[in-house]
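Trainee: Structure incoming, see below.
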Amino acid sequence: MARSTVAVSTKPKPAVPTTVVTGGAGFLGSHLTERLLAEGHKVIGVDNLITGSTRNIEHLAGNDRYRFIRANVSEYIFIPGDVDYVFHFASPASPIDYLELPIPTLKVGALGTHNALGLAKDKGATFLLASTSECYGDPLVHPQKEDYWGNVNPIGPRGVYDEAKRFAEAMTMAYHRFHGMDTKIVRIFNTYGPRMRLRDGRVVPAFIGQALTNQPLTIFGDGTQTRSFCYVSDLIDGIFRLSQSDFHEPVNIGNPREMTIKQFGEEIIRITGTPSQLEFKPLPEDDPKVRQPDITRARTLLGWEPKVDFDEGIRKTIEYFRGQI
Ligand code: UDP
């Protein structure tokens, strides 16, 4: 395994670290914030709310270790005082969002990452980049290991997200190698759970929303494409462990339990008990045919693996969406 040989200089962490979470009002950002608060951190959430929502963080109002700043991290980020960690999670992240917001997606992956790295460098903070399995594109290697370079169409509809995140990884490694910064990169695979947006277009909210309103479940293509779904608390645990490690190369975090999208639809029908049927629609351009993380690196380095089984995670997610409909 490629280990970085760069001498890293970080300032010692205080008992109550101060942590900036960009994208702090998003699905993952808000769950990460809760974990960091539980670990005793002070958290400053930054979000411009283009896909995030204050509803995800309203329960934190009144917590004197939490502060929210509404700002666009693709512009300059100003945070007064000490900062010990910067978690860069800001980005539109569903295929529909980045089709609708192609330029903000490119900007937050490029300019936003540059600003977040600059903030971390200025403060002597540890930096963690939320990267993605989309770096592997439509993969020709299966399951995907971190040393696979990927198969990405730079000018296709997903290119704005994939290439921005690949640039963000390159920028992060450059700050690590050139400035000796303590940086980490997590490649996040499909994740689900409460606080996903019902209408973000991703398959989990789409199918659950359709099942709960007795609409047909819209399978794109023939449904033989595969995904591997990780429950959000497992993902956040892997990310927190990575933030505490001394590893600087990318690490996959995701659940290797792979299924076809057709099987996923059938499971949603079974678990919700809906009379809905499957309905087949055209497959979007460049939709990856397979996706499954190889998590050997996370297992070995972080002692991490997912614990929440599919039925349990999906039932909790369905309960959340019932309250949203
Ligand atoms: N998908 C689908 N029906 C939907 C939404 C998505 O069949 O209503 C498929 C999509 O084509 C892809 C998979 O489900 O093959 C996962 O899509 P998602 O948007 O959740 O994220 P992706 O993993 O493609 O980034």
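Labels for the structure tokens follow display order: chains A, B, ..., residues from 1 in each chain, ligands from 1.
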Which chains and residue numbers are within 9 Å of ligand 1, counting only C-alpha atoms and all ligand atoms, if I want them as a compact mmCIF listing (two decimals) with all heavy atoms, in the first residue's frame?
Mentor:
```
# COMPACT_ATOMS: atom_id res chain seq x y z
N ALA A 93 -24.63 16.79 -4.59
CA ALA A 93 -24.10 15.43 -4.60
C ALA A 93 -25.01 14.39 -5.25
O ALA A 93 -24.63 13.23 -5.32
CB ALA A 93 -23.76 15.00 -3.18
N SER A 94 -26.17 14.80 -5.74
CA SER A 94 -26.97 13.80 -6.45
C SER A 94 -26.91 14.11 -7.94
O SER A 94 -26.76 15.27 -8.32
CB SER A 94 -28.42 13.82 -5.97
OG SER A 94 -29.17 14.79 -6.66
N PRO A 95 -27.03 13.09 -8.79
CA PRO A 95 -26.93 13.33 -10.23
C PRO A 95 -27.88 14.43 -10.72
O PRO A 95 -27.50 15.25 -11.55
CB PRO A 95 -27.25 11.96 -10.85
CG PRO A 95 -26.79 10.99 -9.81
CD PRO A 95 -27.10 11.64 -8.48
N ILE A 96 -29.09 14.51 -10.17
CA ILE A 96 -30.02 15.57 -10.60
C ILE A 96 -29.50 16.93 -10.15
O ILE A 96 -29.54 17.91 -10.89
CB ILE A 96 -31.43 15.31 -10.04
CG1 ILE A 96 -32.10 14.24 -10.89
CG2 ILE A 96 -32.27 16.58 -10.02
CD1 ILE A 96 -33.57 14.08 -10.62
N SER A 133 -16.89 7.78 -4.80
CA SER A 133 -16.71 6.63 -5.69
C SER A 133 -16.84 7.05 -7.15
O SER A 133 -16.44 6.31 -8.04
CB SER A 133 -17.76 5.57 -5.38
OG SER A 133 -19.06 6.13 -5.48
N GLU A 134 -17.43 8.24 -7.41
CA GLU A 134 -17.53 8.74 -8.79
C GLU A 134 -16.15 8.99 -9.39
O GLU A 134 -16.03 9.11 -10.60
CB GLU A 134 -18.37 10.02 -8.84
CG GLU A 134 -19.86 9.79 -8.79
CD GLU A 134 -20.45 9.23 -10.09
OE1 GLU A 134 -20.05 9.67 -11.16
OE2 GLU A 134 -21.29 8.33 -10.00
N ARG A 158 -22.07 13.71 -15.85
CA ARG A 158 -21.51 13.53 -14.51
C ARG A 158 -20.12 14.13 -14.36
O ARG A 158 -19.56 14.16 -13.27
CB ARG A 158 -21.41 12.03 -14.17
CG ARG A 158 -22.76 11.39 -13.97
CD ARG A 158 -22.58 9.89 -13.77
NE ARG A 158 -23.85 9.27 -13.52
CZ ARG A 158 -24.24 8.77 -12.33
NH1 ARG A 158 -23.45 8.79 -11.30
NH2 ARG A 158 -25.43 8.24 -12.19
N PHE A 189 -18.96 5.97 -0.93
CA PHE A 189 -19.85 5.21 -1.82
C PHE A 189 -21.30 5.50 -1.43
O PHE A 189 -21.56 6.13 -0.41
CB PHE A 189 -19.52 3.71 -1.73
CG PHE A 189 -18.28 3.33 -2.50
CD1 PHE A 189 -17.03 3.80 -2.13
CD2 PHE A 189 -18.36 2.53 -3.63
CE1 PHE A 189 -15.88 3.49 -2.86
CE2 PHE A 189 -17.23 2.19 -4.37
CZ PHE A 189 -15.99 2.68 -3.98
N ASN A 190 -22.25 5.00 -2.24
CA ASN A 190 -23.67 5.31 -2.01
C ASN A 190 -24.04 5.16 -0.54
O ASN A 190 -23.84 4.09 0.05
CB ASN A 190 -24.56 4.37 -2.84
CG ASN A 190 -24.42 4.62 -4.33
OD1 ASN A 190 -23.37 4.34 -4.91
ND2 ASN A 190 -25.45 5.16 -4.94
N THR A 191 -24.60 6.22 0.01
CA THR A 191 -24.97 6.26 1.42
C THR A 191 -26.42 6.69 1.54
O THR A 191 -26.89 7.50 0.72
CB THR A 191 -24.04 7.25 2.16
OG1 THR A 191 -22.70 6.81 1.98
CG2 THR A 191 -24.35 7.30 3.66
N ASP A 200 -34.31 14.47 -4.17
CA ASP A 200 -32.97 14.75 -4.71
C ASP A 200 -32.66 13.88 -5.93
O ASP A 200 -31.61 14.01 -6.54
CB ASP A 200 -31.88 14.69 -3.63
CG ASP A 200 -31.37 13.29 -3.33
OD1 ASP A 200 -31.89 12.31 -3.88
OD2 ASP A 200 -30.43 13.18 -2.53
N GLY A 201 -33.58 12.98 -6.28
CA GLY A 201 -33.45 12.20 -7.50
C GLY A 201 -32.68 10.91 -7.31
O GLY A 201 -32.65 10.06 -8.20
N ARG A 202 -32.05 10.73 -6.14
CA ARG A 202 -31.29 9.49 -5.96
C ARG A 202 -32.24 8.32 -5.73
O ARG A 202 -33.38 8.49 -5.31
CB ARG A 202 -30.30 9.65 -4.80
CG ARG A 202 -29.12 10.45 -5.27
CD ARG A 202 -28.01 10.44 -4.26
NE ARG A 202 -28.22 11.49 -3.29
CZ ARG A 202 -27.24 11.99 -2.55
NH1 ARG A 202 -26.02 11.54 -2.66
NH2 ARG A 202 -27.49 12.94 -1.69
N VAL A 203 -31.70 7.15 -5.96
CA VAL A 203 -32.59 5.98 -6.02
C VAL A 203 -33.24 5.69 -4.66
O VAL A 203 -34.39 5.25 -4.62
CB VAL A 203 -31.83 4.77 -6.60
CG1 VAL A 203 -30.79 4.21 -5.64
CG2 VAL A 203 -32.80 3.70 -7.05
N VAL A 204 -32.54 5.93 -3.56
CA VAL A 204 -33.12 5.57 -2.26
C VAL A 204 -34.34 6.45 -1.95
O VAL A 204 -35.46 5.92 -1.76
CB VAL A 204 -32.07 5.59 -1.13
CG1 VAL A 204 -32.73 5.37 0.22
CG2 VAL A 204 -30.98 4.55 -1.39
N PRO A 205 -34.22 7.79 -1.94
CA PRO A 205 -35.44 8.58 -1.69
C PRO A 205 -36.48 8.41 -2.80
O PRO A 205 -37.69 8.40 -2.50
CB PRO A 205 -34.94 10.03 -1.64
CG PRO A 205 -33.53 10.02 -2.07
CD PRO A 205 -33.02 8.62 -2.01
N ALA A 206 -36.03 8.25 -4.05
CA ALA A 206 -37.00 8.11 -5.15
C ALA A 206 -37.88 6.88 -4.92
O ALA A 206 -39.12 6.99 -4.90
CB ALA A 206 -36.28 8.00 -6.50
N PHE A 207 -37.27 5.72 -4.70
CA PHE A 207 -38.06 4.49 -4.56
C PHE A 207 -38.90 4.51 -3.28
O PHE A 207 -40.06 4.07 -3.29
CB PHE A 207 -37.15 3.25 -4.56
CG PHE A 207 -36.64 2.85 -5.92
CD1 PHE A 207 -36.86 3.64 -7.04
CD2 PHE A 207 -35.93 1.65 -6.08
CE1 PHE A 207 -36.37 3.28 -8.30
CE2 PHE A 207 -35.44 1.26 -7.33
CZ PHE A 207 -35.66 2.08 -8.44
N GLN A 210 -41.80 6.86 -3.81
CA GLN A 210 -42.79 6.26 -4.73
C GLN A 210 -43.57 5.16 -4.02
O GLN A 210 -44.79 5.07 -4.14
CB GLN A 210 -42.07 5.72 -5.98
CG GLN A 210 -41.55 6.84 -6.88
CD GLN A 210 -40.42 6.42 -7.81
OE1 GLN A 210 -39.82 5.34 -7.66
NE2 GLN A 210 -40.10 7.27 -8.78
N LEU A 217 -42.37 2.34 -9.09
CA LEU A 217 -40.94 2.58 -8.81
C LEU A 217 -40.20 2.68 -10.14
O LEU A 217 -40.22 1.72 -10.93
CB LEU A 217 -40.35 1.45 -7.95
CG LEU A 217 -40.51 1.60 -6.43
CD1 LEU A 217 -41.97 1.69 -6.02
CD2 LEU A 217 -39.82 0.47 -5.69
N THR A 218 -39.59 3.83 -10.40
CA THR A 218 -38.98 4.11 -11.70
C THR A 218 -37.57 3.53 -11.80
O THR A 218 -36.61 4.11 -11.29
CB THR A 218 -38.91 5.63 -11.92
OG1 THR A 218 -38.28 6.23 -10.76
CG2 THR A 218 -40.29 6.24 -12.11
N ILE A 219 -37.47 2.38 -12.47
CA ILE A 219 -36.15 1.77 -12.67
C ILE A 219 -35.55 2.34 -13.94
O ILE A 219 -36.20 2.27 -15.00
CB ILE A 219 -36.28 0.24 -12.85
CG1 ILE A 219 -37.01 -0.36 -11.66
CG2 ILE A 219 -34.94 -0.40 -13.16
CD1 ILE A 219 -36.24 -1.27 -10.82
N PHE A 220 -34.37 2.89 -13.87
CA PHE A 220 -33.70 3.42 -15.06
C PHE A 220 -32.93 2.27 -15.72
O PHE A 220 -32.15 1.58 -15.05
CB PHE A 220 -32.75 4.56 -14.70
CG PHE A 220 -33.44 5.76 -14.09
CD1 PHE A 220 -32.71 6.73 -13.40
CD2 PHE A 220 -34.82 5.95 -14.21
CE1 PHE A 220 -33.33 7.84 -12.86
CE2 PHE A 220 -35.45 7.07 -13.66
CZ PHE A 220 -34.70 8.01 -12.98
N GLY A 221 -33.15 2.10 -17.04
CA GLY A 221 -32.53 0.99 -17.75
C GLY A 221 -33.23 -0.30 -17.39
O GLY A 221 -34.41 -0.31 -17.01
N ASP A 222 -32.49 -1.42 -17.48
CA ASP A 222 -33.13 -2.72 -17.18
C ASP A 222 -32.96 -3.11 -15.71
O ASP A 222 -33.38 -4.19 -15.30
CB ASP A 222 -32.60 -3.81 -18.12
CG ASP A 222 -31.10 -4.03 -17.96
OD1 ASP A 222 -30.49 -3.41 -17.06
OD2 ASP A 222 -30.52 -4.82 -18.75
N GLY A 223 -32.32 -2.24 -14.94
CA GLY A 223 -32.18 -2.50 -13.50
C GLY A 223 -31.08 -3.48 -13.17
O GLY A 223 -30.97 -3.92 -12.01
N THR A 224 -30.25 -3.85 -14.15
CA THR A 224 -29.16 -4.80 -13.84
C THR A 224 -27.92 -4.08 -13.31
O THR A 224 -26.99 -4.73 -12.84
CB THR A 224 -28.75 -5.64 -15.08
OG1 THR A 224 -28.40 -4.73 -16.13
CG2 THR A 224 -29.87 -6.56 -15.53
N GLN A 225 -27.91 -2.73 -13.42
CA GLN A 225 -26.76 -2.01 -12.85
C GLN A 225 -26.76 -2.21 -11.33
O GLN A 225 -27.83 -2.36 -10.72
CB GLN A 225 -26.81 -0.51 -13.23
CG GLN A 225 -27.87 0.33 -12.57
CD GLN A 225 -29.19 0.36 -13.34
OE1 GLN A 225 -29.57 -0.61 -13.98
NE2 GLN A 225 -29.91 1.47 -13.27
N THR A 226 -25.58 -2.21 -10.74
CA THR A 226 -25.50 -2.49 -9.30
C THR A 226 -25.01 -1.27 -8.52
O THR A 226 -24.30 -0.42 -9.04
CB THR A 226 -24.54 -3.66 -8.99
OG1 THR A 226 -23.18 -3.25 -9.26
CG2 THR A 226 -24.89 -4.90 -9.80
N ARG A 227 -25.42 -1.24 -7.24
CA ARG A 227 -24.91 -0.27 -6.27
C ARG A 227 -24.78 -1.02 -4.94
O ARG A 227 -25.40 -2.07 -4.74
CB ARG A 227 -25.85 0.92 -6.08
CG ARG A 227 -26.00 1.82 -7.31
CD ARG A 227 -24.72 2.55 -7.68
NE ARG A 227 -24.94 3.50 -8.77
CZ ARG A 227 -24.85 3.19 -10.07
NH1 ARG A 227 -24.56 1.96 -10.45
NH2 ARG A 227 -25.03 4.14 -10.96
N SER A 228 -24.03 -0.42 -4.00
CA SER A 228 -23.80 -1.01 -2.69
C SER A 228 -24.11 0.09 -1.69
O SER A 228 -23.46 1.13 -1.73
CB SER A 228 -22.35 -1.46 -2.59
OG SER A 228 -22.01 -2.25 -3.72
N THR A 260 -28.47 -5.39 -7.42
CA THR A 260 -28.90 -4.68 -8.63
C THR A 260 -29.98 -3.68 -8.22
O THR A 260 -30.63 -3.82 -7.18
CB THR A 260 -29.48 -5.64 -9.70
OG1 THR A 260 -30.70 -6.18 -9.20
CG2 THR A 260 -28.51 -6.77 -10.04
N ILE A 261 -30.19 -2.69 -9.09
CA ILE A 261 -31.23 -1.68 -8.81
C ILE A 261 -32.62 -2.34 -8.85
O ILE A 261 -33.51 -1.97 -8.09
CB ILE A 261 -31.08 -0.50 -9.79
CG1 ILE A 261 -29.77 0.25 -9.47
CG2 ILE A 261 -32.28 0.44 -9.75
CD1 ILE A 261 -29.63 0.79 -8.05
N LYS A 262 -32.76 -3.36 -9.68
CA LYS A 262 -34.04 -4.09 -9.71
C LYS A 262 -34.27 -4.80 -8.37
O LYS A 262 -35.36 -4.71 -7.79
CB LYS A 262 -34.03 -5.09 -10.87
CG LYS A 262 -35.33 -5.81 -11.08
CD LYS A 262 -35.42 -6.34 -12.51
CE LYS A 262 -36.66 -7.19 -12.71
NZ LYS A 262 -36.53 -8.56 -12.21
N PHE A 264 -33.04 -3.91 -5.58
CA PHE A 264 -33.27 -2.86 -4.59
C PHE A 264 -34.75 -2.44 -4.62
O PHE A 264 -35.39 -2.31 -3.57
CB PHE A 264 -32.33 -1.66 -4.84
CG PHE A 264 -32.55 -0.53 -3.89
CD1 PHE A 264 -32.28 -0.69 -2.53
CD2 PHE A 264 -33.05 0.69 -4.32
CE1 PHE A 264 -32.51 0.35 -1.64
CE2 PHE A 264 -33.27 1.73 -3.44
CZ PHE A 264 -33.01 1.56 -2.09
N GLY A 265 -35.30 -2.26 -5.83
CA GLY A 265 -36.72 -1.90 -5.96
C GLY A 265 -37.61 -2.98 -5.34
O GLY A 265 -38.57 -2.68 -4.62
N PHE A 280 -40.12 0.66 -16.00
CA PHE A 280 -38.78 0.83 -16.59
C PHE A 280 -38.71 2.11 -17.41
O PHE A 280 -39.60 2.39 -18.21
CB PHE A 280 -38.41 -0.41 -17.40
CG PHE A 280 -38.22 -1.61 -16.51
CD1 PHE A 280 -39.31 -2.39 -16.11
CD2 PHE A 280 -36.96 -1.94 -16.01
CE1 PHE A 280 -39.15 -3.47 -15.25
CE2 PHE A 280 -36.79 -3.01 -15.14
CZ PHE A 280 -37.90 -3.78 -14.76
N LYS A 281 -37.65 2.91 -17.18
CA LYS A 281 -37.46 4.20 -17.87
C LYS A 281 -36.07 4.18 -18.52
O LYS A 281 -35.23 3.36 -18.14
CB LYS A 281 -37.46 5.33 -16.82
CG LYS A 281 -38.75 5.44 -16.04
CD LYS A 281 -39.60 6.50 -16.68
CE LYS A 281 -40.80 6.80 -15.82
NZ LYS A 281 -41.69 7.75 -16.44
N PRO A 282 -35.80 5.13 -19.43
CA PRO A 282 -34.47 5.12 -20.07
C PRO A 282 -33.34 5.33 -19.07
O PRO A 282 -33.50 6.05 -18.08
CB PRO A 282 -34.53 6.30 -21.05
CG PRO A 282 -35.97 6.67 -21.16
CD PRO A 282 -36.67 6.19 -19.94
N LEU A 283 -32.21 4.71 -19.38
CA LEU A 283 -31.02 4.82 -18.50
C LEU A 283 -30.32 6.15 -18.78
O LEU A 283 -30.04 6.48 -19.94
CB LEU A 283 -30.07 3.65 -18.81
CG LEU A 283 -28.87 3.49 -17.89
CD1 LEU A 283 -29.30 3.09 -16.48
CD2 LEU A 283 -27.91 2.44 -18.44
N PRO A 284 -30.02 6.95 -17.74
CA PRO A 284 -29.28 8.20 -17.98
C PRO A 284 -27.89 7.93 -18.55
O PRO A 284 -27.31 6.86 -18.32
CB PRO A 284 -29.17 8.83 -16.59
CG PRO A 284 -30.17 8.12 -15.73
CD PRO A 284 -30.36 6.77 -16.33
N GLU A 285 -27.37 8.92 -19.29
CA GLU A 285 -26.04 8.81 -19.91
C GLU A 285 -24.95 8.60 -18.84
O GLU A 285 -24.99 9.24 -17.79
CB GLU A 285 -25.78 10.14 -20.65
CG GLU A 285 -24.68 10.09 -21.67
CD GLU A 285 -24.44 11.47 -22.29
OE1 GLU A 285 -25.41 12.24 -22.42
OE2 GLU A 285 -23.30 11.76 -22.63
N ASP A 287 -24.34 6.32 -16.77
CA ASP A 287 -24.71 5.72 -15.49
C ASP A 287 -23.79 4.52 -15.23
O ASP A 287 -23.75 3.58 -16.04
CB ASP A 287 -26.17 5.25 -15.59
CG ASP A 287 -26.83 5.06 -14.26
OD1 ASP A 287 -26.56 4.02 -13.62
OD2 ASP A 287 -27.64 5.90 -13.87
N PRO A 288 -23.03 4.51 -14.14
CA PRO A 288 -22.10 3.39 -13.91
C PRO A 288 -22.85 2.04 -13.84
O PRO A 288 -23.90 1.95 -13.22
CB PRO A 288 -21.45 3.73 -12.57
CG PRO A 288 -21.55 5.22 -12.48
CD PRO A 288 -22.86 5.56 -13.13
N LYS A 289 -22.27 1.03 -14.49
CA LYS A 289 -22.95 -0.28 -14.56
C LYS A 289 -22.78 -1.09 -13.28
O LYS A 289 -23.63 -1.89 -12.94
CB LYS A 289 -22.42 -1.08 -15.76
CG LYS A 289 -23.00 -0.55 -17.09
CD LYS A 289 -22.48 -1.29 -18.29
CE LYS A 289 -21.24 -0.69 -18.91
NZ LYS A 289 -21.25 0.76 -19.16
N VAL A 290 -21.67 -0.88 -12.60
CA VAL A 290 -21.42 -1.60 -11.35
C VAL A 290 -20.76 -0.64 -10.36
O VAL A 290 -20.10 0.31 -10.77
CB VAL A 290 -20.49 -2.83 -11.54
CG1 VAL A 290 -21.19 -3.94 -12.29
CG2 VAL A 290 -19.18 -2.44 -12.23
N ARG A 291 -20.96 -0.94 -9.08
CA ARG A 291 -20.22 -0.18 -8.06
C ARG A 291 -20.21 -0.97 -6.76
O ARG A 291 -21.26 -1.34 -6.26
CB ARG A 291 -20.84 1.19 -7.84
CG ARG A 291 -20.00 2.04 -6.90
CD ARG A 291 -20.60 3.39 -6.65
NE ARG A 291 -20.56 4.26 -7.80
CZ ARG A 291 -21.45 5.23 -8.01
NH1 ARG A 291 -22.45 5.40 -7.18
NH2 ARG A 291 -21.34 6.01 -9.05
```
Trainee: What parts of segment 159-318 of chain A does DSSP call helix (DSSP H, G or I)? I'd like the answer as an NGL selection string.
Mentor: :A and (159-179 or 203-212 or 232-243 or 261-272 or 296-302 or 310-318)
Trainee: Quick one: residues within 8 Å of Ser131 of chain A, only C-alpha atoms, excluding same-chain residues fewer than 5 positions away - as JSON, numbers by chain?
Mentor: {"A": [165, 166, 168, 169, 185, 186, 187, 188]}
Trainee: List the spatial neighbours of segment 51-61 of chain A as a list in words - criterion: any atom at most 7 Å away, only C-alpha atoms, same-chain residues fewer than 6 positions off excluded.
Mentor: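 Contacts, with the query itself left out: Gly23, Ala25, Gly26, Ser30, Pro92 and Arg195 of chain A.
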Trainee: Would you mind writing down, as JSON, numbers by chain, each residue of segment 1-30 of chain A that DSSP on the backbone assigns to strand (DSSP E)?
Mentor: {"A": [18, 19, 20, 21, 22]}
Trainee: Write out as a PyMOL selection string each polymer residue whose atoms come within 10 Å of Val86 of chain A, counting only C-alpha atoms; drop sequence neighbours fewer than 2 positions from it.
Mentor: chain A and resi 18-22+43-44+83-84+88-89+116-117+119-121+123+125-129+183+243
Trainee: Quick one: of A:Pro250, A:Pro80, A:Gly323, A:Pro17, who's nearest to Met173 of chain A, counting only C-alpha atoms?
Mentor: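 Ranked by minimum distance to Met173 of chain A, first place goes to A:Pro250.
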Trainee: May I have the residues within 8 Å of segment 63-73 of chain A as a PyMOL selection string, using only C-alpha atoms and disregarding those fewer than 2 positions away in the same chain?
Mentor: chain A and resi 22+37+41-49+60-61+75-77+90+108+111-112+115-116
Trainee: Between atom CA of Cys230 of chain A and atom CA of Met181 of chain A, measure the distance and give it in Å to one decimal.
Mentor: 29.6 Å
Trainee: Using only C-alpha atoms, find the one residue out of A:Glu39, A:Thr272, A:Thr33, A:Thr296 that sits nearest to Val16 of chain A.
Mentor: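 Using only C-alpha atoms, the shortest distance to Val16 of chain A belongs to A:Glu39.
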Trainee: Do a neighbour search on Phe310 of chain A at 10 Å with only C-alpha atoms, toss out local chain neighbours closer than 4 positions, and write the hits as a short mmCIF file (atom, residue, chain, number, x, y, z; two decimals) with C-alpha atoms, in the first residue's frame.
Mentor:
```cif
data_model
loop_
_atom_site.label_atom_id
_atom_site.label_comp_id
_atom_site.auth_asym_id
_atom_site.auth_seq_id
_atom_site.Cartn_x
_atom_site.Cartn_y
_atom_site.Cartn_z
CA PHE A 229 -25.64 0.98 -0.03
CA CYS A 230 -24.12 2.08 3.28
CA TYR A 231 -26.17 3.34 6.22
CA ASN A 255 -20.84 -1.08 2.41
CA ARG A 257 -23.17 -5.49 0.07
CA GLU A 267 -36.71 -4.99 -1.51
CA ILE A 314 -33.86 0.88 5.27
CA ARG A 315 -36.60 0.63 7.92
#
```
Trainee: So, with only C-alpha atoms as the atoms that count, which of A:Leu242, A:Met196, A:Ala110, A:Cys135 lies closest to Gly29 of chain A?
Mentor: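 Checking each candidate against Gly29 of chain A, we get A:Met196 as the closest.
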Trainee: Between A:Ile271, A:Leu101, A:Ile253, A:Val232, which is the closest to Leu28 of chain A once you count only C-alpha atoms?
Mentor: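 Checking each of A:Ile271, A:Leu101, A:Ile253, A:Val232 against Leu28 of chain A, counting only C-alpha atoms, the winner is A:Val232.
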Trainee: When you count only C-alpha atoms, which of these residues is closest to Pro293 of chain A: A:Arg322, A:His142, A:His248, A:His179?
Mentor: A:His142
Trainee: Using only C-alpha atoms, which of the listed residues (A:Arg199, A:Lys316, A:Lys307, A:Arg297) sits closest to Asp97 of chain A?
Mentor: A:Arg199
Trainee: Suppose you want the space between atom CA of Asp138 of chain A and atom CA of Phe167 of chain A; what is it in Å?
Mentor: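 Answer for the atom CA of Asp138 of chain A to atom CA of Phe167 of chain A separation: 17.6 Å.
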Trainee: Atom CA of His31 of chain A and atom CA of Arg270 of chain A, how far apart in Å?
Mentor: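 Computing it gives 27.8 Å between the two atoms.
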